[in-house]
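input.cif follows; it contains mmCIF, C-alpha atoms (C1' of nucleotides).
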data_start
#
loop_
_atom_site.group_PDB
_atom_site.id
_atom_site.type_symbol
_atom_site.label_atom_id
_atom_site.label_comp_id
_atom_site.auth_asym_id
_atom_site.auth_seq_id
_atom_site.Cartn_x
_atom_site.Cartn_y
_atom_site.Cartn_z
ATOM 1 C CA MET A 1 61.015 39.805 42.905
ATOM 2 C CA SER A 2 58.332 37.247 42.297
ATOM 3 C CA GLU A 3 60.533 34.460 41.062
ATOM 4 C CA LYS A 4 62.538 32.440 43.566
ATOM 5 C CA PHE A 5 64.909 29.535 43.387
ATOM 6 C CA THR A 6 65.727 27.336 46.356
ATOM 7 C CA ILE A 7 68.782 25.136 46.575
ATOM 8 C CA LYS A 8 70.684 23.225 49.229
ATOM 9 C CA LEU A 9 74.321 24.292 49.441
ATOM 10 C CA SER A 10 77.079 23.238 51.777
ATOM 11 C CA ASP A 11 80.027 25.308 52.912
ATOM 12 C CA LEU A 12 78.215 28.563 52.403
ATOM 13 C CA ASN A 13 77.554 31.031 55.202
ATOM 14 C CA LEU A 14 76.320 34.445 54.190
ATOM 15 C CA LYS A 15 76.940 35.943 57.602
ATOM 16 C CA ALA A 16 80.577 34.904 57.542
ATOM 17 C CA ASP A 17 81.073 36.093 53.980
ATOM 18 C CA SER A 18 79.295 39.403 54.400
ATOM 19 C CA GLY A 19 80.616 40.597 57.690
ATOM 20 C CA PHE A 20 84.313 40.643 57.207
ATOM 21 C CA SER A 21 87.080 40.496 54.757
ATOM 22 C CA GLN A 22 86.229 40.430 51.128
ATOM 23 C CA ILE A 23 82.888 42.072 50.438
ATOM 24 C CA PHE A 24 82.106 45.613 51.355
ATOM 25 C CA ARG A 25 78.535 45.764 50.166
ATOM 26 C CA MET A 26 76.724 42.531 50.827
ATOM 27 C CA ASN A 27 74.308 43.970 53.303
ATOM 28 C CA GLU A 28 71.966 42.123 55.587
ATOM 29 C CA GLU A 29 68.746 43.972 54.806
ATOM 30 C CA GLU A 30 66.670 41.990 57.252
ATOM 31 C CA GLU A 31 67.447 39.110 59.564
ATOM 32 C CA GLY A 32 68.936 36.406 57.351
ATOM 33 C CA LEU A 33 68.202 38.292 54.124
ATOM 34 C CA TYR A 34 71.189 39.552 52.158
ATOM 35 C CA ARG A 35 71.522 41.671 49.045
ATOM 36 C CA VAL A 36 74.357 40.791 46.707
ATOM 37 C CA TRP A 37 75.686 42.532 43.626
ATOM 38 C CA PHE A 38 77.656 41.407 40.618
ATOM 39 C CA ARG A 39 78.185 43.926 37.838
ATOM 40 C CA GLU A 40 74.695 44.831 36.633
ATOM 41 C CA HIS A 41 73.076 41.969 38.526
ATOM 42 C CA THR A 42 71.640 42.062 42.002
ATOM 43 C CA THR A 43 69.527 39.692 44.028
ATOM 44 C CA LEU A 44 68.376 38.901 47.530
ATOM 45 C CA VAL A 45 69.461 35.664 49.157
ATOM 46 C CA GLU A 46 68.105 34.148 52.321
ATOM 47 C CA GLU A 47 69.307 31.288 54.372
ATOM 48 C CA LYS A 48 66.497 29.037 55.534
ATOM 49 C CA ASP A 49 66.752 25.642 57.232
ATOM 50 C CA GLY A 50 70.077 24.887 55.601
ATOM 51 C CA SER A 51 68.825 25.865 52.177
ATOM 52 C CA PHE A 52 69.321 29.081 50.280
ATOM 53 C CA VAL A 53 66.526 30.968 48.609
ATOM 54 C CA PHE A 54 67.658 33.163 45.737
ATOM 55 C CA HIS A 55 65.153 35.822 44.738
ATOM 56 C CA CYS A 56 65.818 35.308 41.070
ATOM 57 C CA SER A 57 65.156 32.729 38.380
ATOM 58 C CA LYS A 58 66.868 29.380 38.256
ATOM 59 C CA GLU A 59 68.481 30.518 34.997
ATOM 60 C CA GLU A 60 69.998 33.587 36.618
ATOM 61 C CA PHE A 61 71.192 31.548 39.570
ATOM 62 C CA TYR A 62 73.186 29.237 37.318
ATOM 63 C CA LYS A 63 74.294 31.985 34.980
ATOM 64 C CA VAL A 64 75.464 34.479 37.586
ATOM 65 C CA TRP A 65 75.363 33.436 41.203
ATOM 66 C CA TYR A 66 76.668 29.894 40.959
ATOM 67 C CA ASP A 67 80.024 31.243 39.830
ATOM 68 C CA TYR A 68 79.862 34.317 42.016
ATOM 69 C CA PHE A 69 79.684 32.142 45.123
ATOM 70 C CA ASP A 70 82.363 29.835 43.718
ATOM 71 C CA LEU A 71 80.054 26.876 44.092
ATOM 72 C CA GLY A 72 82.058 24.816 41.642
ATOM 73 C CA LEU A 73 84.822 24.484 44.212
ATOM 74 C CA ASP A 74 84.568 21.886 46.968
ATOM 75 C CA TYR A 75 85.812 23.625 50.102
ATOM 76 C CA SER A 76 85.529 20.507 52.231
ATOM 77 C CA LYS A 77 88.399 19.041 50.230
ATOM 78 C CA ILE A 78 90.508 22.093 50.916
ATOM 79 C CA LYS A 79 89.759 21.923 54.621
ATOM 80 C CA ALA A 80 90.802 18.292 54.608
ATOM 81 C CA LEU A 81 94.342 19.355 53.752
ATOM 82 C CA VAL A 82 94.824 20.855 57.176
ATOM 83 C CA ASP A 83 97.532 19.426 59.363
ATOM 84 C CA GLU A 84 95.995 17.401 62.202
ATOM 85 C CA LYS A 85 98.570 18.846 64.573
ATOM 86 C CA ASP A 86 97.798 22.454 63.678
ATOM 87 C CA GLU A 87 95.402 23.297 66.488
ATOM 88 C CA TYR A 88 95.193 26.972 65.624
ATOM 89 C CA LEU A 89 94.180 26.451 62.011
ATOM 90 C CA LYS A 90 91.796 23.649 62.962
ATOM 91 C CA THR A 91 90.040 25.948 65.414
ATOM 92 C CA ALA A 92 89.969 28.786 62.898
ATOM 93 C CA ILE A 93 88.339 26.510 60.348
ATOM 94 C CA GLU A 94 85.708 25.307 62.787
ATOM 95 C CA HIS A 95 84.724 28.905 63.445
ATOM 96 C CA GLY A 96 84.792 29.885 59.795
ATOM 97 C CA TYR A 97 82.300 27.436 58.368
ATOM 98 C CA GLY A 98 80.974 28.683 55.067
ATOM 99 C CA ILE A 99 83.755 31.043 54.142
ATOM 100 C CA ARG A 100 84.385 31.053 50.422
ATOM 101 C CA ILE A 101 86.535 33.120 48.115
ATOM 102 C CA LEU A 102 83.855 34.740 46.032
ATOM 103 C CA ARG A 103 84.339 35.649 42.404
ATOM 104 C CA GLN A 104 83.616 39.331 42.477
ATOM 105 C CA ASP A 105 84.039 41.889 39.741
ATOM 106 C CA LEU A 106 87.690 42.726 39.156
ATOM 107 C CA TRP A 107 87.358 46.485 38.776
ATOM 108 C CA GLU A 108 85.219 46.776 41.881
ATOM 109 C CA ILE A 109 87.769 44.751 43.836
ATOM 110 C CA ILE A 110 90.675 46.893 42.646
ATOM 111 C CA ILE A 111 89.024 50.098 43.805
ATOM 112 C CA SER A 112 87.619 48.598 47.000
ATOM 113 C CA PHE A 113 90.972 47.341 48.193
ATOM 114 C CA ILE A 114 92.699 50.608 47.400
ATOM 115 C CA VAL A 115 90.071 52.196 49.625
ATOM 116 C CA SER A 116 90.664 49.557 52.306
ATOM 117 C CA GLN A 117 94.308 50.352 52.961
ATOM 118 C CA ASN A 118 95.083 51.637 56.453
ATOM 119 C CA ASN A 119 91.352 51.943 56.985
ATOM 120 C CA ASN A 120 88.544 50.392 58.985
ATOM 121 C CA ILE A 121 85.546 48.447 57.795
ATOM 122 C CA PRO A 122 82.710 50.875 58.630
ATOM 123 C CA ARG A 123 84.529 53.696 56.927
ATOM 124 C CA ILE A 124 85.404 51.535 53.906
ATOM 125 C CA LYS A 125 81.776 50.505 53.522
ATOM 126 C CA ASN A 126 80.601 54.065 53.796
ATOM 127 C CA SER A 127 83.008 55.287 51.101
ATOM 128 C CA ILE A 128 82.063 52.472 48.754
ATOM 129 C CA SER A 129 78.366 53.032 49.161
ATOM 130 C CA LYS A 130 78.953 56.665 48.197
ATOM 131 C CA LEU A 131 80.844 55.561 45.115
ATOM 132 C CA CYS A 132 77.941 53.315 44.154
ATOM 133 C CA ALA A 133 75.517 56.185 44.618
ATOM 134 C CA LEU A 134 77.152 57.704 41.530
ATOM 135 C CA THR A 135 75.279 55.225 39.359
ATOM 136 C CA LYS A 136 71.555 55.269 38.799
ATOM 137 C CA ASP A 137 71.017 51.624 39.692
ATOM 138 C CA GLY A 138 73.408 51.320 42.623
ATOM 139 C CA SER A 139 75.918 49.234 40.723
ATOM 140 C CA PHE A 140 79.618 49.918 41.043
ATOM 141 C CA PRO A 141 80.835 52.886 38.946
ATOM 142 C CA SER A 142 82.919 52.126 35.870
ATOM 143 C CA ALA A 143 86.373 53.589 35.295
ATOM 144 C CA GLU A 144 84.881 55.978 32.761
ATOM 145 C CA LEU A 145 82.374 57.285 35.274
ATOM 146 C CA LEU A 146 84.917 57.482 38.096
ATOM 147 C CA SER A 147 87.393 59.302 35.906
ATOM 148 C CA ARG A 148 84.918 62.148 35.549
ATOM 149 C CA VAL A 149 84.616 62.627 39.310
ATOM 150 C CA SER A 150 86.906 65.295 40.744
ATOM 151 C CA VAL A 151 89.412 64.571 43.491
ATOM 152 C CA GLU A 152 87.528 66.996 45.732
ATOM 153 C CA GLU A 153 84.306 65.116 45.189
ATOM 154 C CA LEU A 154 86.051 61.822 45.906
ATOM 155 C CA HIS A 155 87.555 63.309 49.027
ATOM 156 C CA SER A 156 84.098 64.170 50.283
ATOM 157 C CA TYR A 157 83.296 60.456 50.320
ATOM 158 C CA GLY A 158 85.633 60.013 53.248
ATOM 159 C CA LEU A 159 88.397 58.514 51.158
ATOM 160 C CA GLY A 160 91.113 60.587 52.791
ATOM 161 C CA TYR A 161 94.462 60.501 51.034
ATOM 162 C CA ARG A 162 93.259 57.580 48.881
ATOM 163 C CA ASP A 163 91.167 60.023 46.823
ATOM 164 C CA GLU A 164 94.088 60.676 44.530
ATOM 165 C CA TYR A 165 94.893 56.992 44.099
ATOM 166 C CA ILE A 166 91.334 56.378 42.926
ATOM 167 C CA HIS A 167 91.343 59.378 40.654
ATOM 168 C CA ARG A 168 94.607 58.397 39.003
ATOM 169 C CA ILE A 169 93.758 54.753 38.372
ATOM 170 C CA ALA A 170 90.335 55.713 37.027
ATOM 171 C CA LEU A 171 91.911 58.118 34.543
ATOM 172 C CA LYS A 172 94.552 55.611 33.551
ATOM 173 C CA THR A 173 91.994 52.854 33.063
ATOM 174 C CA ALA A 174 89.511 55.005 31.194
ATOM 175 C CA ALA A 175 92.351 55.999 28.862
ATOM 176 C CA GLY A 176 93.194 52.368 28.236
ATOM 177 C CA GLU A 177 96.648 52.682 29.778
ATOM 178 C CA PHE A 178 95.743 50.203 32.465
ATOM 179 C CA VAL A 179 93.630 47.240 31.403
ATOM 180 C CA PRO A 180 92.371 45.184 34.358
ATOM 181 C CA GLU A 181 91.102 42.412 32.089
ATOM 182 C CA SER A 182 94.631 41.840 30.817
ATOM 183 C CA LEU A 183 95.476 40.421 34.246
ATOM 184 C CA VAL A 184 92.963 37.611 33.945
ATOM 185 C CA GLY A 185 94.684 34.292 33.482
ATOM 186 C CA LEU A 186 98.180 35.560 34.246
ATOM 187 C CA PRO A 187 100.310 33.584 36.705
ATOM 188 C CA TYR A 188 99.996 34.968 40.223
ATOM 189 C CA GLU A 189 103.444 36.560 40.385
ATOM 190 C CA GLU A 190 102.984 38.369 37.083
ATOM 191 C CA ALA A 191 99.549 39.683 37.954
ATOM 192 C CA LYS A 192 100.840 40.936 41.292
ATOM 193 C CA LYS A 193 103.790 42.661 39.683
ATOM 194 C CA LYS A 194 101.599 44.471 37.166
ATOM 195 C CA LEU A 195 99.182 45.546 39.856
ATOM 196 C CA MET A 196 101.994 46.997 41.945
ATOM 197 C CA GLU A 197 102.974 49.249 39.076
ATOM 198 C CA VAL A 198 99.799 51.194 39.777
ATOM 199 C CA HIS A 199 100.163 54.184 42.095
ATOM 200 C CA GLY A 200 98.385 53.334 45.335
ATOM 201 C CA ILE A 201 98.666 49.558 45.022
ATOM 202 C CA GLY A 202 101.334 47.950 47.171
ATOM 203 C CA LYS A 203 102.123 44.407 48.188
ATOM 204 C CA LYS A 204 99.134 43.765 50.416
ATOM 205 C CA VAL A 205 96.490 45.370 48.209
ATOM 206 C CA ALA A 206 97.913 43.616 45.157
ATOM 207 C CA ASP A 207 97.619 40.281 46.940
ATOM 208 C CA CYS A 208 94.019 40.997 47.914
ATOM 209 C CA ILE A 209 93.175 41.871 44.318
ATOM 210 C CA CYS A 210 94.810 38.624 43.182
ATOM 211 C CA VAL A 211 92.700 36.609 45.605
ATOM 212 C CA PHE A 212 89.334 38.349 45.454
ATOM 213 C CA GLY A 213 89.444 39.797 41.949
ATOM 214 C CA LEU A 214 91.405 37.154 40.050
ATOM 215 C CA HIS A 215 90.753 34.104 42.219
ATOM 216 C CA CYS A 216 94.483 33.372 42.542
ATOM 217 C CA LEU A 217 94.308 31.131 45.587
ATOM 218 C CA ASP A 218 98.100 30.997 45.794
ATOM 219 C CA ALA A 219 98.276 34.576 47.008
ATOM 220 C CA PHE A 220 98.506 35.145 50.740
ATOM 221 C CA PRO A 221 97.773 38.738 51.769
ATOM 222 C CA ILE A 222 99.631 39.708 54.924
ATOM 223 C CA ASP A 223 97.923 42.521 56.772
ATOM 224 C CA THR A 224 98.298 43.580 60.347
ATOM 225 C CA HIS A 225 96.079 40.732 61.628
ATOM 226 C CA VAL A 226 97.764 37.997 59.656
ATOM 227 C CA LYS A 227 101.167 39.364 60.578
ATOM 228 C CA GLN A 228 100.308 39.005 64.256
ATOM 229 C CA ILE A 229 98.880 35.531 63.739
ATOM 230 C CA LEU A 230 102.001 34.405 61.937
ATOM 231 C CA SER A 231 104.287 35.657 64.664
ATOM 232 C CA ALA A 232 102.091 34.232 67.433
ATOM 233 C CA HIS A 233 101.375 30.802 65.916
ATOM 234 C CA TYR A 234 103.827 30.227 63.094
ATOM 235 C CA ALA A 235 107.119 31.546 64.391
ATOM 236 C CA GLU A 236 108.839 28.700 62.535
ATOM 237 C CA GLY A 237 107.120 29.734 59.299
ATOM 238 C CA PHE A 238 103.735 29.034 57.764
ATOM 239 C CA PRO A 239 103.607 25.756 55.785
ATOM 240 C CA PHE A 240 102.928 27.296 52.370
ATOM 241 C CA GLU A 241 104.078 24.170 50.558
ATOM 242 C CA ARG A 242 101.459 22.048 52.232
ATOM 243 C CA TYR A 243 98.661 24.396 51.176
ATOM 244 C CA LYS A 244 99.937 25.129 47.695
ATOM 245 C CA GLY A 245 97.101 26.297 45.510
ATOM 246 C CA TYR A 246 94.907 27.142 48.507
ATOM 247 C CA ALA A 247 96.989 29.410 50.722
ATOM 248 C CA SER A 248 94.470 32.222 50.503
ATOM 249 C CA VAL A 249 91.676 29.990 51.748
ATOM 250 C CA MET A 250 93.684 29.273 54.889
ATOM 251 C CA GLN A 251 94.470 32.959 55.170
ATOM 252 C CA GLN A 252 90.753 33.728 55.132
ATOM 253 C CA TYR A 253 89.982 31.279 57.917
ATOM 254 C CA MET A 254 92.740 32.750 60.045
ATOM 255 C CA PHE A 255 91.753 36.311 59.301
ATOM 256 C CA TYR A 256 88.114 35.684 60.136
ATOM 257 C CA TYR A 257 88.927 33.866 63.339
ATOM 258 C CA ASP A 258 91.224 36.690 64.383
ATOM 259 C CA LEU A 259 88.439 39.226 63.922
ATOM 260 C CA LEU A 260 86.314 37.193 66.336
ATOM 261 C CA ASN A 261 89.154 36.375 68.664
ATOM 262 C CA PRO A 262 92.128 38.718 68.217
ATOM 263 C CA VAL A 263 95.561 37.294 68.861
ATOM 264 C CA LYS A 264 96.624 40.437 70.662
ATOM 265 C CA LEU A 265 93.815 40.357 73.218
ATOM 266 C CA ALA A 266 93.923 36.605 73.590
ATOM 267 C CA LYS A 267 97.546 36.806 74.594
ATOM 268 C CA LYS A 268 97.269 39.166 77.505
ATOM 269 C "C1'" DC B 1 96.044 62.641 74.648
ATOM 270 C "C1'" DA B 2 98.222 58.603 71.578
ATOM 271 C "C1'" DA B 3 97.453 54.459 68.980
ATOM 272 C "C1'" DC B 4 95.309 52.022 65.535
ATOM 273 C "C1'" DA B 5 92.587 50.554 61.367
ATOM 274 C "C1'" DG B 6 92.569 44.859 56.305
ATOM 275 C "C1'" DG B 7 99.317 50.077 53.912
ATOM 276 C "C1'" DC B 8 101.526 52.964 50.571
ATOM 277 C "C1'" DG B 9 104.825 56.233 48.637
ATOM 278 C "C1'" DG B 10 108.968 58.443 49.041
ATOM 279 C "C1'" DG B 11 113.304 59.359 50.796
ATOM 280 C "C1'" DA B 12 117.601 57.897 53.441
ATOM 281 C "C1'" DC B 13 120.998 54.669 53.671
ATOM 282 C "C1'" DG C 1 117.364 45.931 49.053
ATOM 283 C "C1'" DT C 2 115.600 47.604 54.251
ATOM 284 C "C1'" DC C 3 114.065 51.115 57.490
ATOM 285 C "C1'" DC C 4 111.386 54.977 58.659
ATOM 286 C "C1'" DC C 5 108.143 58.556 58.377
ATOM 287 C "C1'" DG C 6 103.876 61.096 57.139
ATOM 288 C "C1'" DC C 7 99.331 60.493 55.830
ATOM 289 C "C1'" DC C 8 93.014 61.337 55.855
ATOM 290 C "C1'" DT C 9 89.819 60.271 59.400
ATOM 291 C "C1'" DG C 10 86.904 57.977 62.899
ATOM 292 C "C1'" DT C 11 87.233 55.170 67.044
ATOM 293 C "C1'" DT C 12 89.060 53.599 71.396
#
Take the structure from the file and write it as structure tokens.
Amino acid sequence: MSEKFTIKLSDLNLKADSGFSQIFRMNEEEEGLYRVWFREHTTLVEEKDGSFVFHCSKEEFYKVWYDYFDLGLDYSKIKALVDEKDEYLKTAIEHGYGIRILRQDLWEIIISFIVSQNNNIPRIKNSISKLCALTKDGSFPSAELLSRVSVEELHSYGLGYRDEYIHRIALKTAAGEFVPESLVGLPYEEAKKKLMEVHGIGKKVADCICVFGLHCLDAFPIDTHVKQILSAHYAEGFPFERYKGYASVMQQYMFYYDLLNPVKLAKK
DNA sequence: CAACAGGCGGGAC
DNA sequence: GTCCCGCCTGTT
């Protein structure tokens, strides 16, 4: 609380990262002041005159938050890959300054994206905040803790039919029959395949877990927004080869831009 | 009222 | 393999 660490960072925009696709509990507590969580760590971050003030020690910043915000990766280089002739992607990137693929906790991402399926953001956030209320400190509940919560209780968190998916994967994980950590370091295709063996994880959720939980930037989650973007702007096919190794970064720019400026509405 | 939201499982074929 | 349907629930 007392200790603060200020640093200048480029290609980071807390508003863009918090409000949309990958984090369901980075809340703006006050104007320009955000709370972030990573496992047992939490801190406030504020954006001020192009600098970022972390309400933690310099040691904690470098130990936890530097990696969390993926600050070792130069996003300006990735943006430079974009095809000069691709007006749509160029526009999307201009509007998505500061988007990064954060390195969040794998277990939290697995559960969060199961919750996210066929769902909307306010409801997702509400369910996840109820899950986090299960712990004393507001951190995300472990598999062991979740496995002890009844399906009925889970249902009361507004999870709908996903209650059983959560219950089953929590039991399986607590029993050691599913080991999330075993996915770390696997090639993208293998990780995706193993994830899809879990009841409640399909193609899209598996891809999201690969991107946001395993930092596989080759994955390219196709949800309803991206599907519409692809058919509206890439009828000839999206140039995956060109963006090899960074497809998900492009996906994030497109997704974010579509939230601001939906393809469907723009077309009519 | 129906359609949709950051889809998935299950069954038909 | 592809297609199609039902599904929790809040919002438009």
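Reported to one decimal place, the separation of atom CA of Glu181 of chain A from atom CA of Asp223 of chain A is 25.6 Å.
Going from atom CA of Gly32 of chain A over to atom CA of Gly72 of chain A, you cover 23.5 Å.
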* To do: Might you spell out which residues the PyMOL selection byres ((chain A) within 7 of (chain B)) would select in the displayed file, as a list in words?
  => Ser116, Gln117, Asn118, Asn119, Asn120, Gly200, Gly202 and Asp223 of chain A
* Where does the PyMOL selection byres ((chain A) within 9 of (chain C)) land in this file, that is, which residues does it pick, as a PyMOL selection string? -> chain A and resi 119-120+123+155+158-162
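Going from atom CA of Glu190 of chain A to atom CA of Ile114 of chain A covers 19.0 Å.
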Using 4 Å of padding on each side, determine the axis-aligned box around all atoms of segment 1-6 of chain C present in the file and give its centre and edge lengths in Å to one decimal, as AutoDock Vina command-line options.
--center_x 110.6 --center_y 53.5 --center_z 53.9 --size_x 21.5 --size_y 23.2 --size_z 17.6
* **Explicit residue set for the PyMOL selection byres ((chain A and resi 80) around 12), as number ranges by chain** => A: 74-79, 81-84, 89-90, 93-94, 242-243, 246, 250
C-alpha atoms of the current selection, written as a PDB file, in the frame of the given file:
ATOM      1  CA  ASP A  74      84.568  21.886  46.968  1.00  0.00           C
ATOM      2  CA  TYR A  75      85.812  23.625  50.102  1.00  0.00           C
ATOM      3  CA  SER A  76      85.529  20.507  52.231  1.00  0.00           C
ATOM      4  CA  LYS A  77      88.399  19.041  50.230  1.00  0.00           C
ATOM      5  CA  ILE A  78      90.508  22.093  50.916  1.00  0.00           C
ATOM      6  CA  LYS A  79      89.759  21.923  54.621  1.00  0.00           C
ATOM      7  CA  LEU A  81      94.342  19.355  53.752  1.00  0.00           C
ATOM      8  CA  VAL A  82      94.824  20.855  57.176  1.00  0.00           C
ATOM      9  CA  ASP A  83      97.532  19.426  59.363  1.00  0.00           C
ATOM     10  CA  GLU A  84      95.995  17.401  62.202  1.00  0.00           C
ATOM     11  CA  LEU A  89      94.180  26.451  62.011  1.00  0.00           C
ATOM     12  CA  LYS A  90      91.796  23.649  62.962  1.00  0.00           C
ATOM     13  CA  ILE A  93      88.339  26.510  60.348  1.00  0.00           C
ATOM     14  CA  GLU A  94      85.708  25.307  62.787  1.00  0.00           C
ATOM     15  CA  ARG A 242     101.459  22.048  52.232  1.00  0.00           C
ATOM     16  CA  TYR A 243      98.661  24.396  51.176  1.00  0.00           C
ATOM     17  CA  TYR A 246      94.907  27.142  48.507  1.00  0.00           C
ATOM     18  CA  MET A 250      93.684  29.273  54.889  1.00  0.00           C
TER      19      MET A 250
END
* Asked: What's the 12 Å shell around segment 146-148 of chain A, counting all atoms listed in the file, without same-chain residues fewer than 6 positions away, as a list in words?
  -> Trp107, Glu108, Ile111, Lys130, Leu131, Cys132, Ala133, Leu134, Thr135, Phe140, Leu154, Asp163, Glu164, Tyr165, Ile166, His167, Arg168, Ile169, Ala170, Leu171, Lys172, Thr173, Ala174, Ala175 and Gly176 of chain A
Starting from the incomplete input, reconstruct N, CA and C atoms of segment 137-150 of chain A and write that as a short mmCIF file (atom, residue, chain, number, x, y, z; two decimals), keeping the file's coordinate frame.
data_model
loop_
_atom_site.label_atom_id
_atom_site.label_comp_id
_atom_site.auth_asym_id
_atom_site.auth_seq_id
_atom_site.Cartn_x
_atom_site.Cartn_y
_atom_site.Cartn_z
N ASP A 137 71.60 52.87 39.18
CA ASP A 137 71.02 51.62 39.69
C ASP A 137 71.75 51.07 40.91
N GLY A 138 72.72 51.80 41.43
CA GLY A 138 73.41 51.32 42.62
C GLY A 138 74.53 50.35 42.33
N SER A 139 74.80 50.11 41.05
CA SER A 139 75.92 49.23 40.72
C SER A 139 77.23 50.00 40.90
N PHE A 140 78.33 49.28 40.81
CA PHE A 140 79.62 49.92 41.04
C PHE A 140 80.01 50.78 39.84
N PRO A 141 80.52 51.99 40.06
CA PRO A 141 80.83 52.89 38.95
C PRO A 141 82.00 52.37 38.09
N SER A 142 81.86 52.52 36.81
CA SER A 142 82.92 52.13 35.87
C SER A 142 84.10 53.09 35.96
N ALA A 143 85.20 52.70 35.34
CA ALA A 143 86.37 53.59 35.30
C ALA A 143 86.03 54.89 34.58
N GLU A 144 85.25 54.78 33.52
CA GLU A 144 84.88 55.98 32.76
C GLU A 144 84.12 56.95 33.66
N LEU A 145 83.16 56.42 34.38
CA LEU A 145 82.37 57.28 35.27
C LEU A 145 83.26 57.86 36.38
N LEU A 146 84.06 57.02 37.00
CA LEU A 146 84.92 57.48 38.10
C LEU A 146 85.92 58.53 37.63
N SER A 147 86.38 58.37 36.40
CA SER A 147 87.39 59.30 35.91
C SER A 147 86.84 60.72 35.74
N ARG A 148 85.53 60.82 35.69
CA ARG A 148 84.92 62.15 35.55
C ARG A 148 84.58 62.79 36.89
N VAL A 149 84.88 62.09 37.98
CA VAL A 149 84.62 62.63 39.31
C VAL A 149 85.88 63.32 39.83
N SER A 150 85.73 64.53 40.30
CA SER A 150 86.91 65.30 40.74
C SER A 150 87.48 64.72 42.03
#
